[in-house]
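*Asks:* This is the structure I have questions about; it appears just below.
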Amino acid sequence: MKKLLLATAIGFMGSLAAHAEGELQLYNWGDYTSPELLAKFEAETGIKVTVTDYSSNDEALAKIEAGGHGFDLVVPSNSFIPIFAEKGLIQPLDLSKLPNHANIEPRWMDVVWDAGRKNSVPWLWGSTGVGVNTAVYKGDINTSSIFLDPPAELVGKVNVTPEMMDAIGMATLYVGGEVCTEDTEVLKKVRDLLTAAKPKWMSMDYGMEDKMATNDVSASMYWNGAIMRARLVNPDVKFGYPKEGYLLFMDSVTLLSEAKNVEEAYKFMDFIMLPENAAMLSAFARYGNGITGSEAFMPDDMKTAPEVAIPEEFLALGQFIPTCSPKAAEYNTAIWTELMK
Amino acid sequence: MADRSFSASRLPGFSTIATIVFVVLYAPIVTLVIYSFNEGKTVSAWEGFSLRWYQQAWSNDIVQEAALRSLTIATCAMLIATTVATMAALGTTRTGPFRGKSLISAMINQPLMVPDIVTAISLLIFVAAIKVATGYQGLLYLILAHSAFCIPFAYLPIKARLESMDLSLENAAADLYASPWQAFRRVTLPLLAPAIMAGGMLAFVISLDDVVITTFVKSGGQDTLPTYMLGQLRRGTEPDVNAISTVLLALTVVLLSLFFLLTRKRN
C-alpha cells in the first residue's frame, strides 16, 4: 500500500514537471515507435520523449480538437493532414530549423496532402495490395481480381480487411474510376462488384501476418508490412501490386499548434530525417520511410524486400487516398453499409 | 412424493442450452490462456509449452509502467469510490423517507445506464477545458474519472447489505446509550465491512478493465495496460499481449472470487 501511495506521489510529481526542459510529448499510433530510436535520441540530445498511443486517426483528431491535450507532435495519415491543417490544429513548419528536410525523397516531397512538405515530415509509408499464397494459386497475383473476382482456387479462401476506404478505393480503381469519385455510374459499378464478390470471401478480418503465415487464409487484401512478416515465416506468401491500381498510405509527423516543447519537437523531426535514424523506424515497424539513403542502414531482410522496395513497373500505379468531399464520403459510407449487411 | 414446484432445470433442453452458453462464454478465454503459453509466434499453431511471452512482457519497460499506472489508478479509484459509495448507501438507507430519495439512488447509478462512450466524450470536453485553464496534466483526471464510474459498482453491494441487515442490533446499541457515532463505529461498520470490501474489489476490477473513458481522458504518457494493448493491435497481436491478458484475467478472477466469498459469507 505504501509503495502504491509512493508511486502515486511520484506520478504526480512527474506530471507536474512535464513541461520542464528536455521533454517531448509524442502522440503516435500504438506499437509504431522504435524504443531504440528514442533511446538514441535521448542519448544525443538529452531530450526525453514520452509516447502516448492512439489506435485510429479519428481518435487522435477528437482528442486534439478538444484541446488541453499536452502533446507536441502527432502522426496522422495522409488524408487526415489537410483536416488537421484546416482546423488550425497543426502549425506550418519553419524549414530553416530542419536541415535534414533536404533528405526527403523527391517522390515524397510534393505529395497531394502537403505540397513541398511545409506542414509534415515523413514517418513511414506502406501500400495496400494483395497477399497471396502462391502454393494455392499459381496465376497472376498483381491484380485486384484476387479479391474482387476471385479465381476458382481462391473462392471461399479470401479475406478482405474491414477498412472502408481501402476496400472501396481498390474497387473504384478496379472499375476504372477515381478514388473519392462522386460519379454515381462508377459508384454503382463499385457497389455491384463488391456485393457480387462478398459471397466468395471467407472473412473480413485483420491479423493476416499470422493467418496467412499458417495458411489459414490463402489470400487477402492487405498491407505490405504485414504480408512481409507472413512471408518471412511462410515463403509461399507473396505480395501483389494490382495493375488496376493500388493504394498507398503515409503517416507524417506534424507539429501541433498547442505544442509547448517546440524546439525539442524540431530537433526530433530533424533527427528522424537522418538516413540511419529513419532506417531504425523502418526496422522496427517493417514499413518503408521516405528518406534518401536510408536503404544502406536497413536490416538485410528489408533492403531487397519486394513488399517495401516497390518494383519499378508498379511504381506509377500506386496512389494515395485523397481527402474525400463530404458527398463522396457519404456515398462510400452508403456502399459500405450495404456491403456489411 | 415428487417435488412439483417449478424448476428451470427440468425444462426440456436445459442442459444443452446451459452447455452451449458456457462453451460460448469460456472457449475464447480458454484458447487465449492456452496460447499465451505457446512457444511459437503464431496464434493458431501449437509449438510447445513456454513462458517466453510472459518473460518478454515482464521485461518490457512500457508494459511495466502501464501496469503500475493501471494499479495506481485502480487503487485510488477504489478507495475514493468505496468511501463515497458507503456514505451514499448510508444516506439512502439509514435515513427517514425524504423527497427524491429514489431519484438520488437512480442518479448515483447513472454510470451503469449511460453508455461509456457518452461519458467519455463529455469527460473529454470537460477535462480538456480544465487542462487548458490550469495547465495541469497529471494522473488526477484519470483517478477522478475512474472513481466516478466505479461508484455505482461499489454502491450496489453496500446498499444491498445495509437493507438486509437487522436493524434491531443498531437499535439495541442506541438503547444502551451508544451515541449515533459509537453505534455506527461499533455495530454498523463491522457488520458492513465485508460488503464494503466486496464493493471495493468490484470497483477495482471495473477500473482496471476500462478502455473507452481512459482513452479520452488520458494525458501524454498515461497509457494504462488496456489502452496500451489496444494500441498494439495495429500490427497484429503478438503473443505477449496474450500473456498480459492472462495475467489481467487471473487478477480479475481472484478479486471476483473474493467478492463472491465476502458477499456470500453471512447470508
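In the C-alpha cells, each chain is lettered A, B, ... as it comes, each chain's residues begin at 1, and ligands are numbered from 1 in order of appearance.
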Return the neighbours of chain B among the residues of chain A, cut-off 6 Å, counting only C-alpha atoms, as a list in words.
*Replies:* Phe12, Ser15, Gly30, Asp31, Thr50, Val51, Thr52, Asp53, Tyr54, Ser55, Ala66, Gly67, Gly68, Gly207 and Asp210 of chain A
*Asks:* Can those selected residues be exported to a file as a PDB file, in the first residue's frame so that it contains C-alpha atoms?
*Replies:*
ATOM      1  CA  PHE A  12       2.000  13.415  -9.613  1.00  0.00           C
ATOM      2  CA  SER A  15       3.389  15.046 -14.329  1.00  0.00           C
ATOM      3  CA  GLY A  30       0.470   2.144 -30.920  1.00  0.00           C
ATOM      4  CA  ASP A  31       3.444  -0.151 -31.465  1.00  0.00           C
ATOM      5  CA  THR A  50       7.075  10.350 -23.864  1.00  0.00           C
ATOM      6  CA  VAL A  51       4.957   8.357 -26.298  1.00  0.00           C
ATOM      7  CA  THR A  52       1.181   8.076 -25.975  1.00  0.00           C
ATOM      8  CA  ASP A  53      -0.767   5.652 -28.158  1.00  0.00           C
ATOM      9  CA  TYR A  54      -3.843   6.022 -30.316  1.00  0.00           C
ATOM     10  CA  SER A  55      -5.467   3.407 -32.483  1.00  0.00           C
ATOM     11  CA  ALA A  66     -10.872  19.031 -27.645  1.00  0.00           C
ATOM     12  CA  GLY A  67      -7.715  20.949 -26.640  1.00  0.00           C
ATOM     13  CA  GLY A  68      -5.613  20.788 -23.499  1.00  0.00           C
ATOM     14  CA  GLY A 207      -4.263 -10.329 -38.313  1.00  0.00           C
ATOM     15  CA  ASP A 210      -0.458 -14.830 -38.619  1.00  0.00           C
TER      16      ASP A 210
END
*Asks:* Can you tell me which residues surround range 81-94 of chain B at a distance of at most 6 Å, considering only C-alpha atoms, apart from same-chain residues fewer than 2 positions away, and format the answer as a PyMOL selection string?
*Replies:* chain B and resi 77-79+147+150-151+154-155+159+200
*Asks:* In Å, rounded to a single decimal, give me how far CA of Val247 in chain B is from CA of Ala67 in chain B.
*Replies:*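 Spanning CA of Ala67 in chain B to CA of Val247 in chain B is a straight-line distance of 10.6 Å.
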*Asks:* With only C-alpha atoms as the counted atoms, please give the residues lying no more than 12 Å from Phe297 in chain A, apart from itself and same-chain residues fewer than 6 positions off, as a ChimeraX atom specification.
*Replies:* /A:274-283,289,291,303
*Asks:* Write a file of the just-selected residues containing N, CA and C atoms, as an mmCIF file, in the first residue's frame.
*Replies:*
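The result, written out as selection-v4.cif:
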data_model
loop_
_atom_site.group_PDB
_atom_site.id
_atom_site.type_symbol
_atom_site.label_atom_id
_atom_site.label_comp_id
_atom_site.auth_asym_id
_atom_site.auth_seq_id
_atom_site.Cartn_x
_atom_site.Cartn_y
_atom_site.Cartn_z
ATOM 1 N N LEU A 274 17.374 11.880 -40.603
ATOM 2 C CA LEU A 274 18.722 11.387 -40.908
ATOM 3 C C LEU A 274 18.576 9.939 -41.363
ATOM 4 N N PRO A 275 19.257 9.542 -42.449
ATOM 5 C CA PRO A 275 19.042 8.201 -43.007
ATOM 6 C C PRO A 275 19.153 7.070 -41.984
ATOM 7 N N GLU A 276 20.194 7.097 -41.128
ATOM 8 C CA GLU A 276 20.350 5.958 -40.209
ATOM 9 C C GLU A 276 19.211 5.884 -39.185
ATOM 10 N N ASN A 277 18.667 7.046 -38.829
ATOM 11 C CA ASN A 277 17.567 7.039 -37.861
ATOM 12 C C ASN A 277 16.252 6.627 -38.520
ATOM 13 N N ALA A 278 16.022 7.097 -39.742
ATOM 14 C CA ALA A 278 14.822 6.684 -40.480
ATOM 15 C C ALA A 278 14.827 5.169 -40.649
ATOM 16 N N ALA A 279 16.023 4.600 -40.897
ATOM 17 C CA ALA A 279 16.121 3.149 -41.056
ATOM 18 C C ALA A 279 15.740 2.424 -39.768
ATOM 19 N N MET A 280 16.014 3.042 -38.611
ATOM 20 C CA MET A 280 15.619 2.413 -37.334
ATOM 21 C C MET A 280 14.103 2.335 -37.214
ATOM 22 N N LEU A 281 13.422 3.382 -37.683
ATOM 23 C CA LEU A 281 11.956 3.359 -37.671
ATOM 24 C C LEU A 281 11.445 2.208 -38.520
ATOM 25 N N SER A 282 12.019 2.078 -39.736
ATOM 26 C CA SER A 282 11.593 1.015 -40.653
ATOM 27 C C SER A 282 11.866 -0.360 -40.071
ATOM 28 N N ALA A 283 13.050 -0.517 -39.494
ATOM 29 C CA ALA A 283 13.430 -1.828 -38.975
ATOM 30 C C ALA A 283 12.469 -2.270 -37.888
ATOM 31 N N ASN A 289 10.411 4.119 -45.135
ATOM 32 C CA ASN A 289 10.393 5.513 -44.708
ATOM 33 C C ASN A 289 10.557 6.367 -45.961
ATOM 34 N N ILE A 291 13.081 8.641 -46.648
ATOM 35 C CA ILE A 291 14.348 9.369 -46.547
ATOM 36 C C ILE A 291 15.400 8.781 -47.495
ATOM 37 N N LYS A 303 16.158 -4.719 -47.136
ATOM 38 C CA LYS A 303 16.789 -3.989 -48.233
ATOM 39 C C LYS A 303 16.213 -4.377 -49.577
#
*Asks:* Neighbouring residues of range 232-248 of chain A were defined as those with any atom within 7 Å, considering only C-alpha atoms; residues of the same chain fewer than 2 positions away were excluded. Please report them as a ChimeraX atom specification.
*Replies:* /A:126-135,141-144,170,173-174,213,224,227-230,250,307,314,317-321
*Asks:* Export N, CA and C atoms of the chosen residues as a PDB file, in the first residue's frame?
*Replies:*
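Output file result_11.pdb follows:
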ATOM      1  N   GLY A 126       3.338   2.848 -46.519  1.00  0.00           N
ATOM      2  CA  GLY A 126       3.133   1.472 -46.946  1.00  0.00           C
ATOM      3  C   GLY A 126       2.120   1.426 -48.059  1.00  0.00           C
ATOM      4  N   SER A 127       1.811   0.223 -48.514  1.00  0.00           N
ATOM      5  CA  SER A 127       0.841   0.103 -49.582  1.00  0.00           C
ATOM      6  C   SER A 127      -0.199  -0.945 -49.242  1.00  0.00           C
ATOM      7  N   THR A 128      -1.397  -0.756 -49.794  1.00  0.00           N
ATOM      8  CA  THR A 128      -2.464  -1.737 -49.673  1.00  0.00           C
ATOM      9  C   THR A 128      -2.508  -2.494 -50.987  1.00  0.00           C
ATOM     10  N   GLY A 129      -2.211  -3.775 -50.950  1.00  0.00           N
ATOM     11  CA  GLY A 129      -2.254  -4.597 -52.159  1.00  0.00           C
ATOM     12  C   GLY A 129      -2.915  -5.919 -51.830  1.00  0.00           C
ATOM     13  N   VAL A 130      -2.440  -6.998 -52.438  1.00  0.00           N
ATOM     14  CA  VAL A 130      -2.998  -8.310 -52.129  1.00  0.00           C
ATOM     15  C   VAL A 130      -1.883  -9.251 -51.712  1.00  0.00           C
ATOM     16  N   GLY A 131      -2.135  -9.991 -50.645  1.00  0.00           N
ATOM     17  CA  GLY A 131      -1.232 -11.064 -50.250  1.00  0.00           C
ATOM     18  C   GLY A 131      -1.816 -12.363 -50.769  1.00  0.00           C
ATOM     19  N   VAL A 132      -0.986 -13.196 -51.393  1.00  0.00           N
ATOM     20  CA  VAL A 132      -1.494 -14.450 -51.963  1.00  0.00           C
ATOM     21  C   VAL A 132      -0.545 -15.577 -51.593  1.00  0.00           C
ATOM     22  N   ASN A 133      -1.131 -16.719 -51.208  1.00  0.00           N
ATOM     23  CA  ASN A 133      -0.322 -17.906 -51.004  1.00  0.00           C
ATOM     24  C   ASN A 133      -0.132 -18.570 -52.372  1.00  0.00           C
ATOM     25  N   THR A 134       1.097 -18.488 -52.904  1.00  0.00           N
ATOM     26  CA  THR A 134       1.322 -18.939 -54.285  1.00  0.00           C
ATOM     27  C   THR A 134       1.347 -20.461 -54.407  1.00  0.00           C
ATOM     28  N   ALA A 135       1.296 -21.165 -53.270  1.00  0.00           N
ATOM     29  CA  ALA A 135       1.155 -22.620 -53.363  1.00  0.00           C
ATOM     30  C   ALA A 135      -0.294 -22.982 -53.678  1.00  0.00           C
ATOM     31  N   ILE A 141      -0.649 -12.642 -59.599  1.00  0.00           N
ATOM     32  CA  ILE A 141      -1.124 -12.100 -58.324  1.00  0.00           C
ATOM     33  C   ILE A 141      -1.200 -10.580 -58.341  1.00  0.00           C
ATOM     34  N   ASN A 142      -0.735  -9.949 -59.416  1.00  0.00           N
ATOM     35  CA  ASN A 142      -0.731  -8.486 -59.453  1.00  0.00           C
ATOM     36  C   ASN A 142      -2.040  -7.937 -60.000  1.00  0.00           C
ATOM     37  N   THR A 143      -3.125  -8.298 -59.351  1.00  0.00           N
ATOM     38  CA  THR A 143      -4.439  -7.837 -59.774  1.00  0.00           C
ATOM     39  C   THR A 143      -5.404  -7.840 -58.589  1.00  0.00           C
ATOM     40  N   SER A 144      -6.308  -6.878 -58.585  1.00  0.00           N
ATOM     41  CA  SER A 144      -7.323  -6.830 -57.526  1.00  0.00           C
ATOM     42  C   SER A 144      -8.391  -7.888 -57.716  1.00  0.00           C
ATOM     43  N   MET A 170      -9.856   0.444 -53.630  1.00  0.00           N
ATOM     44  CA  MET A 170      -9.316  -0.561 -54.557  1.00  0.00           C
ATOM     45  C   MET A 170     -10.366  -0.956 -55.591  1.00  0.00           C
ATOM     46  N   LEU A 173     -10.742   1.811 -58.234  1.00  0.00           N
ATOM     47  CA  LEU A 173      -9.654   1.762 -59.215  1.00  0.00           C
ATOM     48  C   LEU A 173      -9.856   0.595 -60.180  1.00  0.00           C
ATOM     49  N   TYR A 174     -10.366  -0.509 -59.669  1.00  0.00           N
ATOM     50  CA  TYR A 174     -10.559  -1.717 -60.479  1.00  0.00           C
ATOM     51  C   TYR A 174     -11.565  -1.477 -61.606  1.00  0.00           C
ATOM     52  N   ALA A 213       0.482 -16.689 -42.650  1.00  0.00           N
ATOM     53  CA  ALA A 213       1.702 -17.454 -42.380  1.00  0.00           C
ATOM     54  C   ALA A 213       1.361 -18.924 -42.134  1.00  0.00           C
ATOM     55  N   ASN A 224       1.365  -4.102 -46.952  1.00  0.00           N
ATOM     56  CA  ASN A 224       2.642  -4.718 -47.316  1.00  0.00           C
ATOM     57  C   ASN A 224       3.465  -5.186 -46.121  1.00  0.00           C
ATOM     58  N   ILE A 227       2.178  -8.444 -44.740  1.00  0.00           N
ATOM     59  CA  ILE A 227       2.387  -9.568 -45.660  1.00  0.00           C
ATOM     60  C   ILE A 227       3.872  -9.956 -45.665  1.00  0.00           C
ATOM     61  N   MET A 228       4.732  -8.957 -45.520  1.00  0.00           N
ATOM     62  CA  MET A 228       6.161  -9.267 -45.440  1.00  0.00           C
ATOM     63  C   MET A 228       6.451 -10.139 -44.216  1.00  0.00           C
ATOM     64  N   ARG A 229       5.825  -9.802 -43.114  1.00  0.00           N
ATOM     65  CA  ARG A 229       6.041 -10.615 -41.905  1.00  0.00           C
ATOM     66  C   ARG A 229       5.533 -12.038 -42.114  1.00  0.00           C
ATOM     67  N   ALA A 230       4.403 -12.176 -42.830  1.00  0.00           N
ATOM     68  CA  ALA A 230       3.888 -13.523 -43.123  1.00  0.00           C
ATOM     69  C   ALA A 230       4.875 -14.266 -44.033  1.00  0.00           C
ATOM     70  N   MET A 250       0.632   7.040 -46.035  1.00  0.00           N
ATOM     71  CA  MET A 250       1.827   7.519 -45.351  1.00  0.00           C
ATOM     72  C   MET A 250       1.416   8.290 -44.113  1.00  0.00           C
ATOM     73  N   GLU A 307       8.155  -6.239 -50.897  1.00  0.00           N
ATOM     74  CA  GLU A 307       6.990  -5.587 -50.285  1.00  0.00           C
ATOM     75  C   GLU A 307       7.313  -4.122 -49.956  1.00  0.00           C
ATOM     76  N   PHE A 314       5.645  -1.248 -61.153  1.00  0.00           N
ATOM     77  CA  PHE A 314       4.407  -0.963 -60.413  1.00  0.00           C
ATOM     78  C   PHE A 314       4.416   0.401 -59.737  1.00  0.00           C
ATOM     79  N   LEU A 317       1.679   2.943 -60.382  1.00  0.00           N
ATOM     80  CA  LEU A 317       0.279   2.517 -60.239  1.00  0.00           C
ATOM     81  C   LEU A 317      -0.295   2.805 -58.852  1.00  0.00           C
ATOM     82  N   GLY A 318       0.578   3.134 -57.920  1.00  0.00           N
ATOM     83  CA  GLY A 318       0.104   3.378 -56.563  1.00  0.00           C
ATOM     84  C   GLY A 318      -0.358   4.809 -56.386  1.00  0.00           C
ATOM     85  N   GLN A 319      -1.400   5.023 -55.593  1.00  0.00           N
ATOM     86  CA  GLN A 319      -1.827   6.389 -55.310  1.00  0.00           C
ATOM     87  C   GLN A 319      -2.387   6.515 -53.898  1.00  0.00           C
ATOM     88  N   PHE A 320      -2.328   7.737 -53.392  1.00  0.00           N
ATOM     89  CA  PHE A 320      -2.826   7.984 -52.043  1.00  0.00           C
ATOM     90  C   PHE A 320      -4.322   8.238 -52.065  1.00  0.00           C
ATOM     91  N   ILE A 321      -4.988   7.831 -51.006  1.00  0.00           N
ATOM     92  CA  ILE A 321      -6.407   8.167 -50.875  1.00  0.00           C
ATOM     93  C   ILE A 321      -6.482   9.663 -50.581  1.00  0.00           C
TER      94      ILE A 321
END
*Asks:* Hey, what does DSSP flag as strand (DSSP E) within range 14-70 of chain A? Can you give it to me as a PyMOL selection string?
*Replies:* chain A and resi 23-29+48-54
*Asks:* So that I can see what lies close to Lys200 in chain A, please list as a list in words the residues with an atom at most 12 Å from it, counting only C-alpha atoms and leaving out residues fewer than 5 positions away in the same chain.
*Replies:*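 Neighbouring residues, sequence-local ones excluded: Ser145, Ile146, Phe147, Leu148, Asp149, Pro150, Pro151, Ala152, Glu153, Leu154, Val155, Gly156, Lys157, Val158, Asn159, Val160, Leu193, Leu194, Thr195 and Ala219 of chain A.
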*Asks:* Using only C-alpha atoms, which protein or nucleic acid residues come within 8 Å of Thr246 in chain B? Drop anything in the same chain fewer than 2 positions from it, and give the result as a list of chain:residue names.
*Replies:*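 Listing them by chain and then by number gives B:Leu32, B:Val33, B:Ser36, B:Asn242, B:Ala243, B:Ile244, B:Leu248, B:Leu249, B:Ala250.
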*Asks:* Atoms to include: C-alpha atoms. Write the selected residues as a PDB file, in the first residue's frame.
*Replies:*
ATOM      1  CA  LEU B  32      -6.286 -17.234 -25.160  1.00  0.00           C
ATOM      2  CA  VAL B  33      -4.879 -18.669 -21.939  1.00  0.00           C
ATOM      3  CA  SER B  36      -0.243 -17.461 -24.030  1.00  0.00           C
ATOM      4  CA  ASN B 242      -1.991 -12.908 -24.692  1.00  0.00           C
ATOM      5  CA  ALA B 243       0.310 -13.219 -21.692  1.00  0.00           C
ATOM      6  CA  ILE B 244      -0.702  -9.790 -20.340  1.00  0.00           C
ATOM      7  CA  LEU B 248      -5.192  -9.458 -16.033  1.00  0.00           C
ATOM      8  CA  LEU B 249      -7.738 -12.265 -16.254  1.00  0.00           C
ATOM      9  CA  ALA B 250      -6.150 -14.116 -13.328  1.00  0.00           C
TER      10      ALA B 250
END
*Asks:* Looking only at alpha helix (DSSP H) from DSSP on the backbone, list the matching residues of range 6-236 of chain B as a short mmCIF file (atom, residue, chain, number, x, y, z; two decimals) with C-alpha atoms, in the first residue's frame.
*Replies:*
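Result went into out.cif, see below:
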data_model
loop_
_atom_site.label_atom_id
_atom_site.label_comp_id
_atom_site.auth_asym_id
_atom_site.auth_seq_id
_atom_site.Cartn_x
_atom_site.Cartn_y
_atom_site.Cartn_z
CA PHE B 14 -31.96 -27.05 -20.20
CA SER B 15 -28.59 -28.79 -20.06
CA THR B 16 -27.99 -28.38 -23.81
CA ILE B 17 -28.58 -24.63 -23.65
CA ALA B 18 -26.55 -24.28 -20.46
CA THR B 19 -23.64 -26.16 -22.04
CA ILE B 20 -23.74 -24.02 -25.19
CA VAL B 21 -23.81 -20.82 -23.15
CA PHE B 22 -20.81 -21.84 -21.08
CA VAL B 23 -18.83 -23.01 -24.12
CA VAL B 24 -19.51 -19.74 -25.97
CA LEU B 25 -18.58 -17.72 -22.87
CA TYR B 26 -15.40 -19.57 -21.98
CA ALA B 27 -13.98 -21.20 -25.13
CA PRO B 28 -12.32 -17.99 -26.42
CA ILE B 29 -10.86 -17.21 -22.99
CA VAL B 30 -9.51 -20.74 -22.59
CA THR B 31 -7.93 -20.53 -26.07
CA LEU B 32 -6.29 -17.23 -25.16
CA VAL B 33 -4.88 -18.67 -21.94
CA ILE B 34 -3.57 -21.80 -23.66
CA TYR B 35 -1.87 -19.87 -26.47
CA ARG B 52 8.82 -16.74 -23.10
CA TRP B 53 5.89 -14.36 -23.76
CA TYR B 54 5.45 -13.79 -20.04
CA GLN B 55 9.17 -13.03 -19.78
CA GLN B 56 9.01 -10.74 -22.80
CA ALA B 57 6.02 -8.85 -21.41
CA TRP B 58 7.56 -8.63 -17.96
CA ASP B 61 9.53 -1.25 -19.61
CA ILE B 62 6.43 0.16 -21.28
CA VAL B 63 4.33 -2.76 -20.06
CA GLN B 64 5.71 -2.37 -16.54
CA GLU B 65 4.95 1.34 -16.45
CA ALA B 66 1.47 0.82 -17.87
CA ALA B 67 0.79 -1.94 -15.32
CA LEU B 68 1.96 0.22 -12.41
CA ARG B 69 -0.18 3.09 -13.71
CA SER B 70 -3.23 0.84 -14.05
CA LEU B 71 -2.78 -0.44 -10.49
CA THR B 72 -2.23 3.07 -9.11
CA ILE B 73 -5.37 4.40 -10.76
CA ALA B 74 -7.43 1.36 -9.79
CA THR B 75 -6.29 1.55 -6.14
CA CYS B 76 -7.02 5.27 -5.81
CA ALA B 77 -10.33 4.96 -7.65
CA MET B 78 -11.29 2.04 -5.44
CA LEU B 79 -10.56 3.97 -2.22
CA ILE B 80 -12.43 7.08 -3.34
CA ALA B 81 -15.36 5.26 -4.92
CA THR B 82 -15.84 2.94 -1.94
CA THR B 83 -15.75 5.80 0.57
CA VAL B 84 -18.25 7.84 -1.40
CA ALA B 85 -20.41 4.78 -2.07
CA THR B 86 -20.50 3.84 1.62
CA MET B 87 -21.63 7.35 2.57
CA ALA B 88 -24.18 7.34 -0.22
CA ALA B 89 -25.51 3.95 0.82
CA LEU B 90 -25.87 5.11 4.45
CA GLY B 91 -27.56 8.27 3.25
CA THR B 92 -30.09 6.38 1.19
CA THR B 93 -30.87 3.58 3.67
CA LYS B 101 -34.75 9.56 -2.35
CA SER B 102 -35.26 7.15 -5.24
CA LEU B 103 -34.24 9.86 -7.68
CA ILE B 104 -30.94 10.17 -5.81
CA SER B 105 -30.41 6.41 -5.94
CA ALA B 106 -31.04 6.48 -9.68
CA MET B 107 -28.62 9.37 -10.12
CA ILE B 108 -25.87 7.55 -8.23
CA GLN B 110 -26.22 6.77 -13.66
CA PRO B 111 -22.85 5.44 -14.93
CA LEU B 112 -24.44 1.98 -15.20
CA MET B 113 -27.08 3.26 -17.62
CA ASP B 116 -19.32 4.55 -21.77
CA ILE B 117 -18.71 6.47 -24.97
CA VAL B 118 -21.14 9.23 -23.93
CA THR B 119 -19.43 9.60 -20.55
CA ALA B 120 -16.06 9.51 -22.31
CA ILE B 121 -16.85 12.27 -24.79
CA SER B 122 -18.43 14.53 -22.19
CA LEU B 123 -15.40 14.00 -19.96
CA LEU B 124 -13.07 14.71 -22.89
CA ILE B 125 -14.62 18.14 -23.41
CA PHE B 126 -14.89 18.91 -19.71
CA VAL B 127 -11.39 17.74 -18.80
CA ALA B 128 -9.85 19.49 -21.82
CA ALA B 129 -11.30 22.79 -20.61
CA ILE B 130 -9.74 22.26 -17.16
CA LYS B 131 -6.41 21.24 -18.70
CA VAL B 132 -6.36 24.43 -20.75
CA ALA B 133 -7.28 26.60 -17.76
CA THR B 134 -4.87 25.06 -15.24
CA LEU B 140 -5.65 13.09 -11.10
CA TYR B 141 -8.06 13.38 -14.05
CA LEU B 142 -7.96 9.65 -14.67
CA ILE B 143 -8.28 8.87 -10.96
CA LEU B 144 -11.34 11.10 -10.58
CA ALA B 145 -12.96 9.85 -13.79
CA HIS B 146 -12.43 6.25 -12.72
CA SER B 147 -13.70 6.98 -9.21
CA ALA B 148 -16.88 8.44 -10.69
CA PHE B 149 -17.84 5.49 -12.85
CA CYS B 150 -16.80 2.99 -10.14
CA ILE B 151 -19.16 4.46 -7.52
CA PRO B 152 -22.31 2.53 -8.51
CA PHE B 153 -20.39 -0.75 -8.62
CA ALA B 154 -19.30 -0.19 -5.02
CA TYR B 155 -22.66 1.32 -4.02
CA LEU B 156 -24.91 -1.58 -5.02
CA PRO B 157 -23.46 -4.36 -2.82
CA ILE B 158 -23.11 -1.97 0.15
CA LYS B 159 -26.68 -0.75 -0.18
CA ALA B 160 -27.95 -4.35 -0.55
CA ARG B 161 -26.14 -5.32 2.66
CA LEU B 162 -27.46 -2.31 4.58
CA GLU B 163 -31.01 -3.09 3.50
CA SER B 164 -30.77 -6.73 4.59
CA LEU B 167 -31.92 -3.00 12.41
CA SER B 168 -32.52 -4.35 15.91
CA LEU B 169 -28.77 -4.53 16.55
CA GLU B 170 -28.36 -0.83 15.84
CA ASN B 171 -31.48 -0.10 17.89
CA ALA B 172 -30.10 -2.16 20.77
CA ALA B 173 -26.87 -0.15 20.68
CA ALA B 174 -28.88 3.06 20.84
CA ASP B 175 -30.93 1.69 23.77
CA PRO B 180 -25.00 7.56 16.98
CA TRP B 181 -21.31 7.64 16.10
CA GLN B 182 -20.47 4.83 18.55
CA ALA B 183 -23.33 2.73 17.21
CA LEU B 189 -19.45 -0.66 10.29
CA PRO B 190 -18.15 -4.10 11.37
CA LEU B 191 -21.30 -5.73 10.03
CA LEU B 192 -20.95 -3.78 6.81
CA ALA B 193 -17.21 -4.39 6.35
CA PRO B 194 -17.49 -7.45 4.07
CA ALA B 195 -19.86 -5.58 1.75
CA ILE B 196 -17.53 -2.55 1.67
CA MET B 197 -14.61 -4.78 0.78
CA ALA B 198 -16.67 -6.56 -1.85
CA GLY B 199 -17.77 -3.26 -3.36
CA GLY B 200 -14.17 -2.06 -3.32
CA MET B 201 -12.97 -5.09 -5.20
CA LEU B 202 -15.66 -4.74 -7.81
CA ALA B 203 -14.70 -1.08 -8.25
CA PHE B 204 -11.03 -2.09 -8.57
CA VAL B 205 -11.79 -4.61 -11.31
CA ILE B 206 -14.01 -2.19 -13.22
CA SER B 207 -11.31 0.49 -13.11
CA LEU B 208 -8.63 -1.98 -14.21
CA ASP B 209 -10.66 -3.01 -17.29
CA VAL B 212 -13.08 3.86 -23.54
CA ILE B 213 -13.10 6.51 -20.81
CA THR B 214 -9.35 6.20 -20.21
CA THR B 215 -8.60 6.70 -23.91
CA PHE B 216 -10.42 10.00 -23.95
CA VAL B 217 -9.23 11.34 -20.61
CA LEU B 225 -2.50 -1.66 -19.68
CA PRO B 226 -5.78 -1.91 -21.63
CA THR B 227 -5.12 1.20 -23.77
CA TYR B 228 -1.54 0.01 -24.40
CA MET B 229 -2.85 -3.36 -25.54
CA LEU B 230 -5.37 -1.75 -27.86
CA GLY B 231 -2.57 0.30 -29.41
CA GLN B 232 -0.68 -2.92 -30.17
#
*Asks:* Expressed in Å to a single decimal, how great is the separation between CA of Lys40 in chain A and CA of Phe271 in chain A?
*Replies:* 9.9 Å
*Asks:* For Ser56 in chain A, list every protein, DNA or RNA residue within 9 Å, evaluated using only C-alpha atoms, and leave out those in the same chain fewer than 5 positions away; present the list as a PDB file with N, CA and C atoms, in the first residue's frame.
*Replies:*
ATOM      1  N   TRP A  29       0.608   6.326 -33.274  1.00  0.00           N
ATOM      2  CA  TRP A  29      -0.048   5.030 -33.346  1.00  0.00           C
ATOM      3  C   TRP A  29       0.639   4.061 -32.388  1.00  0.00           C
ATOM      4  N   LEU A  61      -7.776  12.789 -33.739  1.00  0.00           N
ATOM      5  CA  LEU A  61      -8.381  14.068 -34.096  1.00  0.00           C
ATOM      6  C   LEU A  61      -9.322  14.557 -32.993  1.00  0.00           C
ATOM      7  N   PRO A  76      -0.545  11.850 -38.069  1.00  0.00           N
ATOM      8  CA  PRO A  76      -1.755  11.405 -38.768  1.00  0.00           C
ATOM      9  C   PRO A  76      -1.437  10.798 -40.141  1.00  0.00           C
TER      10      PRO A  76
END
*Asks:* Go through A:Leu89, A:Leu187, A:Cys180, A:Ala167 and flag the residue nearest Met340 in chain A, using only C-alpha atoms for the distances.
*Replies:*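 Ranked by minimum distance to Met340 in chain A, first place goes to A:Ala167.
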*Asks:* In Å, rounded to a single decimal, give me how far CA of Phe84 in chain A is from CA of Pro106 in chain A.
*Replies:*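 That distance, rounded to one decimal, is 23.7 Å.
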